[in-house]
file query.pdb (PDB, C-alpha atoms)
ATOM      1  CA  MET H   1     123.205 -78.058  72.694
ATOM      2  CA  ALA H   2     121.216 -75.120  71.386
ATOM      3  CA  ALA H   3     122.609 -71.642  70.935
ATOM      4  CA  THR H   4     120.967 -68.457  69.708
ATOM      5  CA  LEU H   5     121.553 -67.686  66.024
ATOM      6  CA  ALA H   6     124.318 -65.212  65.403
ATOM      7  CA  SER H   7     123.408 -61.662  64.408
ATOM      8  CA  GLY H   8     122.818 -60.881  60.770
ATOM      9  CA  VAL H   9     119.350 -62.400  60.446
ATOM     10  CA  GLN H  10     116.593 -59.876  61.010
ATOM     11  CA  SER H  11     113.091 -60.677  62.226
ATOM     12  CA  SER H  12     109.789 -59.138  61.236
ATOM     13  CA  SER H  13     106.862 -58.281  63.466
ATOM     14  CA  GLU H  14     104.373 -59.171  60.754
ATOM     15  CA  ASN H  15     102.966 -62.692  60.887
ATOM     16  CA  THR H  16     101.101 -62.695  57.605
ATOM     17  CA  LEU H  17     101.364 -66.410  56.880
ATOM     18  CA  ALA H  18     101.337 -69.513  59.010
ATOM     19  CA  GLY H  19     104.597 -71.264  59.634
ATOM     20  CA  PRO H  20     106.609 -73.223  62.192
ATOM     21  CA  SER H  21     107.221 -71.639  65.573
ATOM     22  CA  LYS H  22     110.733 -73.044  65.892
ATOM     23  CA  VAL H  23     113.721 -73.135  63.536
ATOM     24  CA  LEU H  24     116.649 -75.424  64.313
ATOM     25  CA  LEU H  25     119.902 -75.036  62.389
ATOM     26  CA  ALA H  26     122.325 -77.886  61.887
ATOM     27  CA  ALA H  27     125.941 -77.267  62.799
ATOM     28  CA  PRO H  28     128.134 -77.874  60.970
ATOM     29  CA  ARG H  29     126.537 -76.958  57.656
ATOM     30  CA  GLY H  30     127.448 -75.208  54.431
ATOM     31  CA  TYR H  31     130.881 -74.572  52.970
ATOM     32  CA  CYS H  32     133.594 -77.135  53.527
ATOM     33  CA  ALA H  33     137.288 -76.299  53.304
ATOM     34  CA  GLY H  34     137.591 -77.606  49.742
ATOM     35  CA  VAL H  35     134.674 -75.520  48.474
ATOM     36  CA  ASP H  36     135.888 -72.404  50.264
ATOM     37  CA  ARG H  37     139.327 -72.885  48.698
ATOM     38  CA  ALA H  38     137.891 -73.379  45.208
ATOM     39  CA  VAL H  39     135.589 -70.358  45.322
ATOM     40  CA  GLN H  40     138.364 -68.159  46.720
ATOM     41  CA  THR H  41     140.646 -69.400  43.949
ATOM     42  CA  VAL H  42     138.338 -68.051  41.245
ATOM     43  CA  GLU H  43     137.729 -64.798  43.136
ATOM     44  CA  HIS H  44     141.462 -64.186  43.588
ATOM     45  CA  ALA H  45     142.187 -65.140  39.967
ATOM     46  CA  LEU H  46     139.726 -62.484  38.785
ATOM     47  CA  ASP H  47     141.255 -59.901  41.124
ATOM     48  CA  LEU H  48     144.857 -60.742  40.233
ATOM     49  CA  TYR H  49     144.651 -61.421  36.517
ATOM     50  CA  GLY H  50     141.461 -59.684  35.431
ATOM     51  CA  GLU H  51     138.954 -60.985  32.920
ATOM     52  CA  PRO H  52     138.607 -63.394  31.309
ATOM     53  CA  VAL H  53     139.111 -66.271  33.728
ATOM     54  CA  TYR H  54     137.617 -69.484  32.413
ATOM     55  CA  VAL H  55     136.402 -72.251  34.712
ATOM     56  CA  ARG H  56     136.044 -75.838  33.533
ATOM     57  CA  LYS H  57     132.656 -77.152  34.725
ATOM     58  CA  GLU H  58     130.972 -75.561  37.740
ATOM     59  CA  ILE H  59     133.666 -74.630  40.247
ATOM     60  CA  VAL H  60     131.392 -76.173  42.896
ATOM     61  CA  HIS H  61     127.908 -77.622  42.505
ATOM     62  CA  ASN H  62     125.871 -74.609  43.526
ATOM     63  CA  LYS H  63     123.776 -72.486  41.182
ATOM     64  CA  HIS H  64     124.018 -69.343  43.346
ATOM     65  CA  VAL H  65     127.813 -69.499  43.607
ATOM     66  CA  VAL H  66     128.211 -69.976  39.857
ATOM     67  CA  GLU H  67     125.890 -67.068  39.060
ATOM     68  CA  GLU H  68     127.724 -64.746  41.460
ATOM     69  CA  LEU H  69     131.102 -65.615  39.934
ATOM     70  CA  GLU H  70     129.696 -65.101  36.446
ATOM     71  CA  LYS H  71     128.662 -61.590  37.495
ATOM     72  CA  ARG H  72     132.270 -60.953  38.475
ATOM     73  CA  GLY H  73     133.521 -62.084  35.061
ATOM     74  CA  ALA H  74     134.156 -65.814  35.310
ATOM     75  CA  ILE H  75     133.297 -67.784  32.168
ATOM     76  CA  PHE H  76     132.163 -71.352  32.761
ATOM     77  CA  VAL H  77     132.753 -73.959  30.062
ATOM     78  CA  GLU H  78     132.076 -77.670  29.846
ATOM     79  CA  GLN H  79     135.468 -78.684  28.457
ATOM     80  CA  GLU H  80     138.970 -77.256  28.420
ATOM     81  CA  THR H  81     138.899 -77.470  24.624
ATOM     82  CA  GLU H  82     136.396 -74.565  24.643
ATOM     83  CA  VAL H  83     138.939 -72.222  26.241
ATOM     84  CA  PRO H  84     140.762 -70.011  23.702
ATOM     85  CA  GLU H  85     144.440 -70.879  23.345
ATOM     86  CA  GLY H  86     146.704 -69.132  25.815
ATOM     87  CA  GLN H  87     143.932 -68.121  28.212
ATOM     88  CA  MET H  88     143.610 -68.909  31.925
ATOM     89  CA  VAL H  89     141.419 -71.760  33.141
ATOM     90  CA  VAL H  90     140.604 -72.945  36.653
ATOM     91  CA  PHE H  91     139.846 -76.624  37.228
ATOM     92  CA  SER H  92     136.940 -77.253  39.588
ATOM     93  CA  ALA H  93     136.992 -78.657  43.103
ATOM     94  CA  HIS H  94     135.833 -82.046  41.799
ATOM     95  CA  GLY H  95     139.128 -82.812  40.076
ATOM     96  CA  VAL H  96     139.988 -83.679  36.489
ATOM     97  CA  ALA H  97     141.537 -86.593  34.639
ATOM     98  CA  PRO H  98     145.170 -86.445  33.437
ATOM     99  CA  SER H  99     143.872 -86.109  29.873
ATOM    100  CA  VAL H 100     142.418 -82.711  30.796
ATOM    101  CA  HIS H 101     145.838 -81.469  31.896
ATOM    102  CA  GLU H 102     147.305 -82.813  28.652
ATOM    103  CA  ASN H 103     144.705 -81.010  26.548
ATOM    104  CA  ALA H 104     145.329 -77.793  28.459
ATOM    105  CA  GLU H 105     149.054 -78.062  27.847
ATOM    106  CA  LYS H 106     148.506 -78.597  24.116
ATOM    107  CA  ARG H 107     146.398 -75.444  24.012
ATOM    108  CA  ARG H 108     149.014 -73.511  25.999
ATOM    109  CA  LEU H 109     146.445 -72.693  28.652
ATOM    110  CA  ARG H 110     147.449 -71.106  31.918
ATOM    111  CA  THR H 111     145.961 -73.470  34.473
ATOM    112  CA  ILE H 112     145.091 -73.228  38.147
ATOM    113  CA  ASP H 113     144.016 -76.481  39.753
ATOM    114  CA  ALA H 114     141.372 -75.939  42.447
ATOM    115  CA  THR H 115     140.833 -79.667  43.028
ATOM    116  CA  CYS H 116     139.955 -80.345  46.658
ATOM    117  CA  PRO H 117     142.986 -81.898  48.395
ATOM    118  CA  LEU H 118     140.743 -84.720  49.649
ATOM    119  CA  VAL H 119     139.819 -85.565  46.052
ATOM    120  CA  THR H 120     143.507 -85.446  45.132
ATOM    121  CA  LYS H 121     144.057 -88.029  47.896
ATOM    122  CA  VAL H 122     141.681 -90.405  46.086
ATOM    123  CA  HIS H 123     143.500 -89.804  42.781
ATOM    124  CA  VAL H 124     146.800 -90.717  44.422
ATOM    125  CA  GLU H 125     145.254 -93.907  45.814
ATOM    126  CA  ALA H 126     143.917 -94.854  42.373
ATOM    127  CA  ARG H 127     147.345 -94.474  40.786
ATOM    128  CA  LYS H 128     149.055 -96.466  43.530
ATOM    129  CA  PHE H 129     146.578 -99.349  43.450
ATOM    130  CA  ALA H 130     146.844 -99.446  39.650
ATOM    131  CA  GLN H 131     150.638 -99.541  39.791
ATOM    132  CA  ASP H 132     150.386-102.454  42.218
ATOM    133  CA  GLY H 133     148.229-104.402  39.778
ATOM    134  CA  TYR H 134     144.866-104.221  41.540
ATOM    135  CA  THR H 135     141.435-104.135  40.005
ATOM    136  CA  ILE H 136     140.050-100.970  41.586
ATOM    137  CA  VAL H 137     136.410-100.841  42.596
ATOM    138  CA  LEU H 138     135.357 -97.190  42.615
ATOM    139  CA  ILE H 139     132.203 -96.651  44.653
ATOM    140  CA  GLY H 140     130.440 -93.584  43.320
ATOM    141  CA  HIS H 141     127.788 -92.099  41.063
ATOM    142  CA  GLU H 142     128.065 -92.524  37.321
ATOM    143  CA  GLY H 143     128.502 -89.239  35.474
ATOM    144  CA  HIS H 144     129.619 -87.226  38.497
ATOM    145  CA  GLU H 145     132.642 -85.030  37.690
ATOM    146  CA  GLU H 146     134.597 -86.417  40.619
ATOM    147  CA  VAL H 147     134.066 -89.991  39.421
ATOM    148  CA  GLU H 148     135.095 -89.048  35.880
ATOM    149  CA  GLY H 149     138.284 -87.416  37.129
ATOM    150  CA  THR H 150     139.213 -90.334  39.388
ATOM    151  CA  THR H 151     138.483 -92.907  36.687
ATOM    152  CA  GLY H 152     140.772 -90.998  34.348
ATOM    153  CA  GLU H 153     143.717 -91.720  36.653
ATOM    154  CA  ALA H 154     143.604 -95.467  35.880
ATOM    155  CA  PRO H 155     140.839 -96.203  33.353
ATOM    156  CA  ALA H 156     142.098 -99.712  32.551
ATOM    157  CA  ASN H 157     141.981-100.735  36.224
ATOM    158  CA  ILE H 158     138.824 -99.057  37.527
ATOM    159  CA  VAL H 159     135.311-100.472  37.597
ATOM    160  CA  LEU H 160     132.447 -98.352  38.919
ATOM    161  CA  VAL H 161     130.073 -99.742  41.530
ATOM    162  CA  GLN H 162     126.983 -97.827  42.686
ATOM    163  CA  THR H 163     124.976-100.359  44.713
ATOM    164  CA  GLU H 164     125.250-103.635  46.597
ATOM    165  CA  ASP H 165     123.604-105.305  43.604
ATOM    166  CA  ASP H 166     126.472-104.070  41.446
ATOM    167  CA  VAL H 167     128.852-105.831  43.820
ATOM    168  CA  ASP H 168     126.857-109.064  43.557
ATOM    169  CA  SER H 169     127.181-109.043  39.777
ATOM    170  CA  LEU H 170     130.834-107.983  39.726
ATOM    171  CA  GLU H 171     133.275-110.331  37.996
ATOM    172  CA  VAL H 172     137.036-109.737  38.018
ATOM    173  CA  ASP H 173     140.106-111.514  36.659
ATOM    174  CA  ASP H 174     141.765-112.015  40.041
ATOM    175  CA  PRO H 175     139.447-112.002  43.099
ATOM    176  CA  ASN H 176     142.504-111.782  45.360
ATOM    177  CA  ARG H 177     143.713-108.489  43.872
ATOM    178  CA  ILE H 178     140.804-106.149  44.617
ATOM    179  CA  ALA H 179     141.112-102.642  46.002
ATOM    180  CA  TYR H 180     138.366-100.117  46.612
ATOM    181  CA  ILE H 181     138.175 -96.338  46.735
ATOM    182  CA  THR H 182     135.163 -94.035  46.962
ATOM    183  CA  GLN H 183     133.742 -90.742  45.847
ATOM    184  CA  THR H 184     134.152 -88.234  48.674
ATOM    185  CA  THR H 185     130.511 -87.107  48.908
ATOM    186  CA  LEU H 186     128.575 -90.353  49.362
ATOM    187  CA  SER H 187     126.178 -91.498  52.055
ATOM    188  CA  VAL H 188     128.345 -92.797  54.887
ATOM    189  CA  ASP H 189     125.906 -95.555  55.872
ATOM    190  CA  GLU H 190     125.151 -96.688  52.330
ATOM    191  CA  THR H 191     128.831 -96.769  51.409
ATOM    192  CA  SER H 192     129.649 -98.813  54.511
ATOM    193  CA  SER H 193     127.062-101.382  53.421
ATOM    194  CA  ILE H 194     128.517-101.563  49.914
ATOM    195  CA  ILE H 195     132.040-102.019  51.291
ATOM    196  CA  ALA H 196     130.811-104.738  53.659
ATOM    197  CA  ARG H 197     129.200-106.571  50.734
ATOM    198  CA  LEU H 198     132.394-106.174  48.701
ATOM    199  CA  LYS H 199     134.534-107.644  51.502
ATOM    200  CA  GLU H 200     132.050-110.474  51.928
ATOM    201  CA  LYS H 201     132.391-111.398  48.265
ATOM    202  CA  PHE H 202     136.126-110.635  48.045
ATOM    203  CA  PRO H 203     137.638-111.308  51.504
ATOM    204  CA  ASN H 204     141.077-110.067  50.437
ATOM    205  CA  ALA H 205     139.813-106.690  49.208
ATOM    206  CA  VAL H 206     141.891-103.780  50.486
ATOM    207  CA  GLY H 207     140.993-100.125  50.871
ATOM    208  CA  PRO H 208     142.676 -96.797  51.605
ATOM    209  CA  LYS H 209     144.407 -96.217  54.936
ATOM    210  CA  THR H 210     141.789 -93.608  55.818
ATOM    211  CA  ASP H 211     138.220 -93.217  54.563
ATOM    212  CA  ASP H 212     137.739 -91.427  51.270
ATOM    213  CA  ILE H 213     134.401 -89.899  52.246
ATOM    214  CA  CYS H 214     135.470 -86.467  53.381
ATOM    215  CA  TYR H 215     135.186 -85.070  56.892
ATOM    216  CA  ALA H 216     132.618 -82.473  55.804
ATOM    217  CA  THR H 217     130.292 -85.022  54.217
ATOM    218  CA  THR H 218     130.511 -87.216  57.321
ATOM    219  CA  ASN H 219     129.988 -84.334  59.747
ATOM    220  CA  ARG H 220     127.025 -82.880  57.863
ATOM    221  CA  GLN H 221     125.309 -86.241  57.699
ATOM    222  CA  GLN H 222     125.797 -86.769  61.431
ATOM    223  CA  ALA H 223     124.370 -83.300  62.077
ATOM    224  CA  VAL H 224     121.315 -84.057  59.936
ATOM    225  CA  LYS H 225     120.675 -87.303  61.822
ATOM    226  CA  ALA H 226     120.520 -85.300  65.045
ATOM    227  CA  LEU H 227     118.385 -82.631  63.379
ATOM    228  CA  ALA H 228     115.885 -85.137  62.004
ATOM    229  CA  ARG H 229     115.183 -86.480  65.492
ATOM    230  CA  GLU H 230     114.122 -83.004  66.652
ATOM    231  CA  CYS H 231     112.217 -81.716  63.611
ATOM    232  CA  ASP H 232     109.033 -82.350  61.666
ATOM    233  CA  LEU H 233     110.622 -81.087  58.457
ATOM    234  CA  VAL H 234     114.240 -80.706  57.343
ATOM    235  CA  LEU H 235     115.050 -78.353  54.481
ATOM    236  CA  VAL H 236     118.414 -78.792  52.778
ATOM    237  CA  ILE H 237     119.781 -75.842  50.837
ATOM    238  CA  GLY H 238     121.751 -77.017  47.826
ATOM    239  CA  SER H 239     121.553 -77.459  44.085
ATOM    240  CA  THR H 240     120.071 -80.553  42.465
ATOM    241  CA  ASN H 241     123.436 -81.624  41.009
ATOM    242  CA  SER H 242     125.129 -81.511  44.419
ATOM    243  CA  SER H 243     125.812 -85.070  45.529
ATOM    244  CA  ASN H 244     126.417 -84.243  49.188
ATOM    245  CA  SER H 245     123.233 -82.132  49.353
ATOM    246  CA  ASN H 246     121.098 -84.940  47.940
ATOM    247  CA  ARG H 247     122.590 -87.330  50.474
ATOM    248  CA  LEU H 248     121.541 -84.991  53.299
ATOM    249  CA  VAL H 249     117.918 -85.199  52.154
ATOM    250  CA  GLU H 250     118.128 -88.981  52.064
ATOM    251  CA  VAL H 251     119.676 -89.167  55.532
ATOM    252  CA  ALA H 252     117.011 -86.885  57.020
ATOM    253  CA  ARG H 253     114.233 -89.022  55.561
ATOM    254  CA  GLU H 254     115.880 -92.233  56.724
ATOM    255  CA  HIS H 255     115.895 -90.843  60.264
ATOM    256  CA  GLY H 256     112.238 -89.933  60.435
ATOM    257  CA  ALA H 257     111.801 -86.393  59.113
ATOM    258  CA  ALA H 258     110.166 -85.148  55.952
ATOM    259  CA  SER H 259     112.870 -83.467  53.880
ATOM    260  CA  HIS H 260     113.283 -81.486  50.667
ATOM    261  CA  LEU H 261     116.163 -80.012  48.675
ATOM    262  CA  ILE H 262     115.834 -76.340  47.747
ATOM    263  CA  ASP H 263     118.089 -73.813  46.043
ATOM    264  CA  ASN H 264     116.759 -70.970  48.194
ATOM    265  CA  HIS H 265     113.810 -69.749  50.272
ATOM    266  CA  LEU H 266     111.751 -69.018  47.156
ATOM    267  CA  GLN H 267     111.356 -72.752  46.558
ATOM    268  CA  VAL H 268     109.630 -73.525  49.862
ATOM    269  CA  ASP H 269     106.276 -75.179  49.117
ATOM    270  CA  GLU H 270     103.390 -74.047  51.356
ATOM    271  CA  THR H 271     102.075 -77.608  51.607
ATOM    272  CA  TRP H 272     105.324 -78.749  53.260
ATOM    273  CA  LEU H 273     104.613 -76.488  56.239
ATOM    274  CA  GLU H 274     101.188 -77.826  57.130
ATOM    275  CA  GLY H 275     101.262 -79.166  60.687
ATOM    276  CA  VAL H 276     104.968 -78.386  61.079
ATOM    277  CA  ASP H 277     105.965 -76.923  64.438
ATOM    278  CA  THR H 278     109.750 -77.309  64.171
ATOM    279  CA  VAL H 279     111.653 -76.956  60.901
ATOM    280  CA  GLY H 280     115.298 -77.932  60.599
ATOM    281  CA  ILE H 281     117.653 -76.219  58.188
ATOM    282  CA  THR H 282     120.983 -77.350  56.854
ATOM    283  CA  SER H 283     122.977 -76.690  53.718
ATOM    284  CA  GLY H 284     125.217 -78.716  51.461
ATOM    285  CA  ALA H 285     128.969 -78.279  51.452
ATOM    286  CA  SER H 286     128.831 -75.969  48.424
ATOM    287  CA  ALA H 287     125.989 -73.696  49.626
ATOM    288  CA  PRO H 288     126.895 -70.255  51.030
ATOM    289  CA  GLU H 289     125.627 -69.193  54.442
ATOM    290  CA  GLU H 290     123.750 -66.195  53.050
ATOM    291  CA  LEU H 291     121.166 -68.606  51.604
ATOM    292  CA  VAL H 292     120.592 -70.039  55.077
ATOM    293  CA  GLU H 293     120.156 -66.554  56.505
ATOM    294  CA  ARG H 294     117.537 -65.708  53.881
ATOM    295  CA  LEU H 295     115.620 -68.889  54.706
ATOM    296  CA  VAL H 296     115.714 -68.079  58.426
ATOM    297  CA  THR H 297     114.394 -64.589  57.652
ATOM    298  CA  PHE H 298     111.609 -66.197  55.619
ATOM    299  CA  PHE H 299     110.493 -68.211  58.650
ATOM    300  CA  ARG H 300     110.915 -65.331  61.101
ATOM    301  CA  GLU H 301     108.585 -63.261  58.949
ATOM    302  CA  ARG H 302     106.037 -66.063  59.196
ATOM    303  CA  GLY H 303     106.128 -66.051  62.997
ATOM    304  CA  ALA H 304     109.052 -68.259  64.005
ATOM    305  CA  SER H 305     110.256 -66.784  67.292
ATOM    306  CA  ASP H 306     112.639 -69.542  68.407
ATOM    307  CA  VAL H 307     115.745 -69.829  66.215
ATOM    308  CA  SER H 308     118.602 -71.912  67.570
ATOM    309  CA  GLU H 309     121.492 -74.099  66.505
ATOM    310  CA  LEU H 310     122.069 -77.796  67.117
ATOM    311  CA  LYS H 311     125.819 -78.386  67.169
ATOM    312  CA  THR H 312     127.235 -81.885  66.837
ATOM    313  CA  VAL H 313     130.916 -81.196  66.135
ATOM    314  CA  ASP H 314     133.324 -78.287  65.694
ATOM    315  CA  GLU H 315     135.137 -77.924  62.372
ATOM    316  CA  ASP H 316     138.435 -76.103  61.973
ATOM    317  CA  VAL H 317     139.786 -77.565  58.722
ATOM    318  CA  ARG H 318     141.444 -75.117  56.332
ATOM    319  CA  PHE H 319     143.241 -75.728  53.036
ATOM    320  CA  MET H 320     145.911 -73.486  51.532
ATOM    321  CA  LEU H 321     145.127 -71.813  48.235
ATOM    322  CA  PRO H 322     146.813 -73.194  45.078
ATOM    323  CA  GLY H 323     150.494 -72.305  44.836
ATOM    324  CA  GLU H 324     150.048 -69.948  41.876
ATOM    325  CA  ILE H 325     147.512 -67.865  43.772
ATOM    326  CA  ARG H 326     149.566 -67.790  46.983
ATOM    327  CA  LYS H 327     152.624 -66.642  45.063
ATOM    328  CA  GLU H 328     150.748 -63.836  43.301
ATOM    329  CA  LEU H 329     149.091 -62.684  46.510
ATOM    330  CA  LEU H 330     152.443 -62.479  48.274
ATOM    331  CA  ALA H 331     153.931 -60.600  45.315
ATOM    332  CA  SER H 332     151.026 -58.120  45.296
ATOM    333  CA  GLN H 333     151.700 -57.464  48.991
ATOM    334  CA  GLY H 334     155.413 -56.995  48.408
ATOM    335  CA  THR H 335     156.260 -60.167  50.320
ATOM    336  CA  PRO H 336     158.857 -62.498  48.753
ATOM    337  CA  ALA H 337     157.622 -66.041  48.195
ATOM    338  CA  ALA H 338     159.204 -68.765  50.315
ATOM    339  CA  ASN H 339     161.467 -71.219  48.522
TER     340      ASN H 339
END
call {"tool": "encode", "arguments": {"input": "query.pdb", "output": "C-alpha cells"}}
result
Amino acid sequence: MAATLASGVQSSSENTLAGPSKVLLAAPRGYCAGVDRAVQTVEHALDLYGEPVYVRKEIVHNKHVVEELEKRGAIFVEQETEVPEGQMVVFSAHGVAPSVHENAEKRRLRTIDATCPLVTKVHVEARKFAQDGYTIVLIGHEGHEEVEGTTGEAPANIVLVQTEDDVDSLEVDDPNRIAYITQTTLSVDETSSIIARLKEKFPNAVGPKTDDICYATTNRQQAVKALARECDLVLVIGSTNSSNSNRLVEVAREHGAASHLIDNHLQVDETWLEGVDTVGITSGASAPEELVERLVTFFRERGASDVSELKTVDEDVRFMLPGEIRKELLASQGTPAAN
C-alpha cells in the first residue's frame, strides 16, 4: 500500500534535468535496532565521558556514519592494540572474538561492547555447538568482521562455507556431528539453498533453533523484492563494505530491476536514469534516513512529482543500550540504577 512521504523532504519547482516521474520508497529500510543501538552507544559515550573515545573497526559499515562520529571526536582504529593503555574503546556492532577482550584487559582498556544482540546469539550458538563436539559450518563471507568474531569463539571447530560448491567439497571427521550457523546479513534465498545442499550431503546436520539471519536483513530483502516488481531502477543507499546493502542490490536484480549501490545522491549516474519512469529507493541497515531524504530531494528537483512508500511489514524491534551506558545515563539524571 502506498502512502505519501512524511514531511521533511522539500520539492523544487525547477525541472532542469530529466528524471523519473515517480519515486517509490521501500519500507522498512535503513537503520535496524542493532545499528541504532551501536551508533547511540558511541554518541552517549562521547557525551558522558568526553574525548577520546576509541572505536575498534567501523562501528557500523557506513561511511557517512563514521565520518559524522569522527567529527564529534570518535577515533576509529583497526585493532584494540592501537588504543593507548587505560583509554576507552567501543567494540563495533559486528562483534569481536574472545581474544579481543583478552587483549583489551591486558591493556587495561575501559571497554563498551556494542555488539548487536543478534550477533551475540550466533556467538552463543557457536560456543554451545563446540562444547557438544560438533564440527560447525559457518555460512558467511570471508574477511567480514562478523565472521571473524564468530570464528574466534570456536576456531578449532569452525569451517567457513560461502557457496554450495564449498559444501560439495567439504570433508569432515564425523559426518554425523555437523552443525551450522550463519552470518546475520546474508541473502535469505542464497543461504537457504546452501543449507539445503548441506542437509542433502549431511542428513544429520543440525542448526540453531531460530534463523541466524536477522529480522532486519530478512525484512529489507522482502521489501526490495516488492519494490523491484514496481520499478525500472532500484537504488540502494549503503557503503560498499556493507554486506546487507550489497545483498539488497543482488535481490533487486534477481527480481527484475536494474539496481546500483550508492553512498549518497552525488553518486547517481545520469546513464542509469535513461528511460526510467519509476525509481525505487531503499537503504541498508546501517544507512541513516537523512541520506534517503537527500536522494528524494534530488529526484524531486528533477521533476519527480509522485513520491510514495511501499510498505511490506511494520518493525518495532528495539534493543537496550549496553549496561555501562544505561547506568551512566541514569546516574546523570539522578536516578538510581536498578539492582
call {"tool": "atom_distance", "arguments": {"input": "query.pdb", "atom1": "CA of Arg37 in chain H", "atom2": "CA of Glu324 in chain H"}}
result
13.0 Å
call {"tool": "closest_residue", "arguments": {"input": "query.pdb", "among": "H:Gly86, H:His255, H:Ile112, H:Leu291", "to": "Ile325 in chain H", "atoms": "all atoms listed in the file"}}
result
H:Ile112
call {"tool": "resolve_selection", "arguments": {"input": "query.pdb", "expression": "the PyMOL selection byres ((chain H and resi 275-280) around 9)", "output": "VMD selection string"}}
result
chain H and resid 19 to 26 224 227 to 228 230 to 236 272 to 274 281 to 282
call {"tool": "write_last_selection", "arguments": {"input": "query.pdb", "atoms": "C-alpha atoms", "output": "mmCIF file, in the frame of the given file"}}
result
data_model
loop_
_atom_site.group_PDB
_atom_site.id
_atom_site.type_symbol
_atom_site.label_atom_id
_atom_site.label_comp_id
_atom_site.auth_asym_id
_atom_site.auth_seq_id
_atom_site.Cartn_x
_atom_site.Cartn_y
_atom_site.Cartn_z
ATOM 1 C CA GLY H 19 104.597 -71.264 59.634
ATOM 2 C CA PRO H 20 106.609 -73.223 62.192
ATOM 3 C CA SER H 21 107.221 -71.639 65.573
ATOM 4 C CA LYS H 22 110.733 -73.044 65.892
ATOM 5 C CA VAL H 23 113.721 -73.135 63.536
ATOM 6 C CA LEU H 24 116.649 -75.424 64.313
ATOM 7 C CA LEU H 25 119.902 -75.036 62.389
ATOM 8 C CA ALA H 26 122.325 -77.886 61.887
ATOM 9 C CA VAL H 224 121.315 -84.057 59.936
ATOM 10 C CA LEU H 227 118.385 -82.631 63.379
ATOM 11 C CA ALA H 228 115.885 -85.137 62.004
ATOM 12 C CA GLU H 230 114.122 -83.004 66.652
ATOM 13 C CA CYS H 231 112.217 -81.716 63.611
ATOM 14 C CA ASP H 232 109.033 -82.350 61.666
ATOM 15 C CA LEU H 233 110.622 -81.087 58.457
ATOM 16 C CA VAL H 234 114.240 -80.706 57.343
ATOM 17 C CA LEU H 235 115.050 -78.353 54.481
ATOM 18 C CA VAL H 236 118.414 -78.792 52.778
ATOM 19 C CA TRP H 272 105.324 -78.749 53.260
ATOM 20 C CA LEU H 273 104.613 -76.488 56.239
ATOM 21 C CA GLU H 274 101.188 -77.826 57.130
ATOM 22 C CA ILE H 281 117.653 -76.219 58.188
ATOM 23 C CA THR H 282 120.983 -77.350 56.854
#
call {"tool": "resolve_selection", "arguments": {"input": "query.pdb", "expression": "the PyMOL selection byres ((chain H and resi 132-149) around 7)", "output": "JSON, numbers by chain"}}
result
{"H": [94, 95, 96, 97, 128, 129, 130, 131, 150, 151, 152, 153, 157, 158, 159, 160, 161, 162, 177, 178, 179, 180, 181, 182, 183]}
call {"tool": "closest_residue", "arguments": {"input": "query.pdb", "among": "H:Ser169, H:Gln79, H:Thr210, H:Thr297", "to": "His265 in chain H", "atoms": "all atoms listed in the file"}}
result
H:Thr297
call {"tool": "resolve_selection", "arguments": {"input": "query.pdb", "expression": "the PyMOL selection byres ((chain H and resi 211) around 12)", "output": "list in words"}}
result
Leu118, Val119, Lys121, Val122, Glu125, Tyr180, Ile181, Thr182, Gln183, Thr184, Thr185, Leu186, Val188, Thr191, Ser192, Ile195, Val206, Gly207, Pro208, Lys209, Thr210, Asp212, Ile213, Cys214, Tyr215, Thr217 and Thr218 of chain H
call {"tool": "axis_aligned_box", "arguments": {"input": "query.pdb", "around": "range 254-269 of chain H", "padding_each_side": "3 Å", "output": "JSON"}}
result
{"center_x": 112.2, "center_y": -80.6, "center_z": 53.2, "size_x": 17.8, "size_y": 29.2, "size_z": 20.4}
call {"tool": "atom_distance", "arguments": {"input": "query.pdb", "atom1": "CA of Gln40 in chain H", "atom2": "CA of Val90 in chain H"}}
result
11.4 Å
call {"tool": "closest_residue", "arguments": {"input": "query.pdb", "among": "H:Leu266, H:Gln222, H:Glu328, H:Asn176", "to": "Asn204 in chain H", "atoms": "all atoms listed in the file"}}
result
H:Asn176
call {"tool": "closest_residue", "arguments": {"input": "query.pdb", "among": "H:Met88, H:Leu310, H:Ala33, H:Val66", "to": "Tyr54 in chain H", "atoms": "all atoms listed in the file"}}
result
H:Met88
call {"tool": "residues_around", "arguments": {"input": "query.pdb", "residues": "Asp47 in chain H", "least_positions_apart": "6", "cutoff": "12 Å", "atoms": "all atoms listed in the file", "output": "CSV table (one decimal) with C-alpha atoms, in the coordinates of the input"}}
result
chain,number,residue,atom,x,y,z
H,40,GLN,CA,138.4,-68.2,46.7
H,41,THR,CA,140.6,-69.4,43.9
H,53,VAL,CA,139.1,-66.3,33.7
H,69,LEU,CA,131.1,-65.6,39.9
H,72,ARG,CA,132.3,-61.0,38.5
H,73,GLY,CA,133.5,-62.1,35.1
H,74,ALA,CA,134.2,-65.8,35.3
H,325,ILE,CA,147.5,-67.9,43.8
H,328,GLU,CA,150.7,-63.8,43.3
H,329,LEU,CA,149.1,-62.7,46.5
H,332,SER,CA,151.0,-58.1,45.3
call {"tool": "atom_distance", "arguments": {"input": "query.pdb", "atom1": "CA of Thr115 in chain H", "atom2": "CA of Ala287 in chain H"}}
result
17.3 Å
call {"tool": "decode", "arguments": {"input": "query.pdb", "residues": "range 239-244 of chain H", "atoms": "N, CA and C atoms", "output": "CSV table (one decimal), in the first residue's frame"}}
result
chain,number,residue,atom,x,y,z
H,239,SER,N,27.1,1.7,2.0
H,239,SER,CA,28.6,1.7,1.7
H,239,SER,C,29.0,0.3,1.1
H,240,THR,N,30.1,0.4,0.3
H,240,THR,CA,30.5,-0.8,-0.4
H,240,THR,C,30.9,-2.0,0.5
H,241,ASN,N,31.3,-1.7,1.7
H,241,ASN,CA,31.7,-2.8,2.7
H,241,ASN,C,30.5,-3.3,3.5
H,242,SER,N,29.3,-2.8,3.2
H,242,SER,CA,28.1,-3.2,3.9
H,242,SER,C,27.5,-4.5,3.3
H,243,SER,N,27.6,-5.6,4.0
H,243,SER,CA,27.1,-6.9,3.4
H,243,SER,C,25.6,-6.8,3.1
H,244,ASN,N,24.8,-6.3,4.1
H,244,ASN,CA,23.4,-6.3,3.9
H,244,ASN,C,23.0,-5.4,2.7
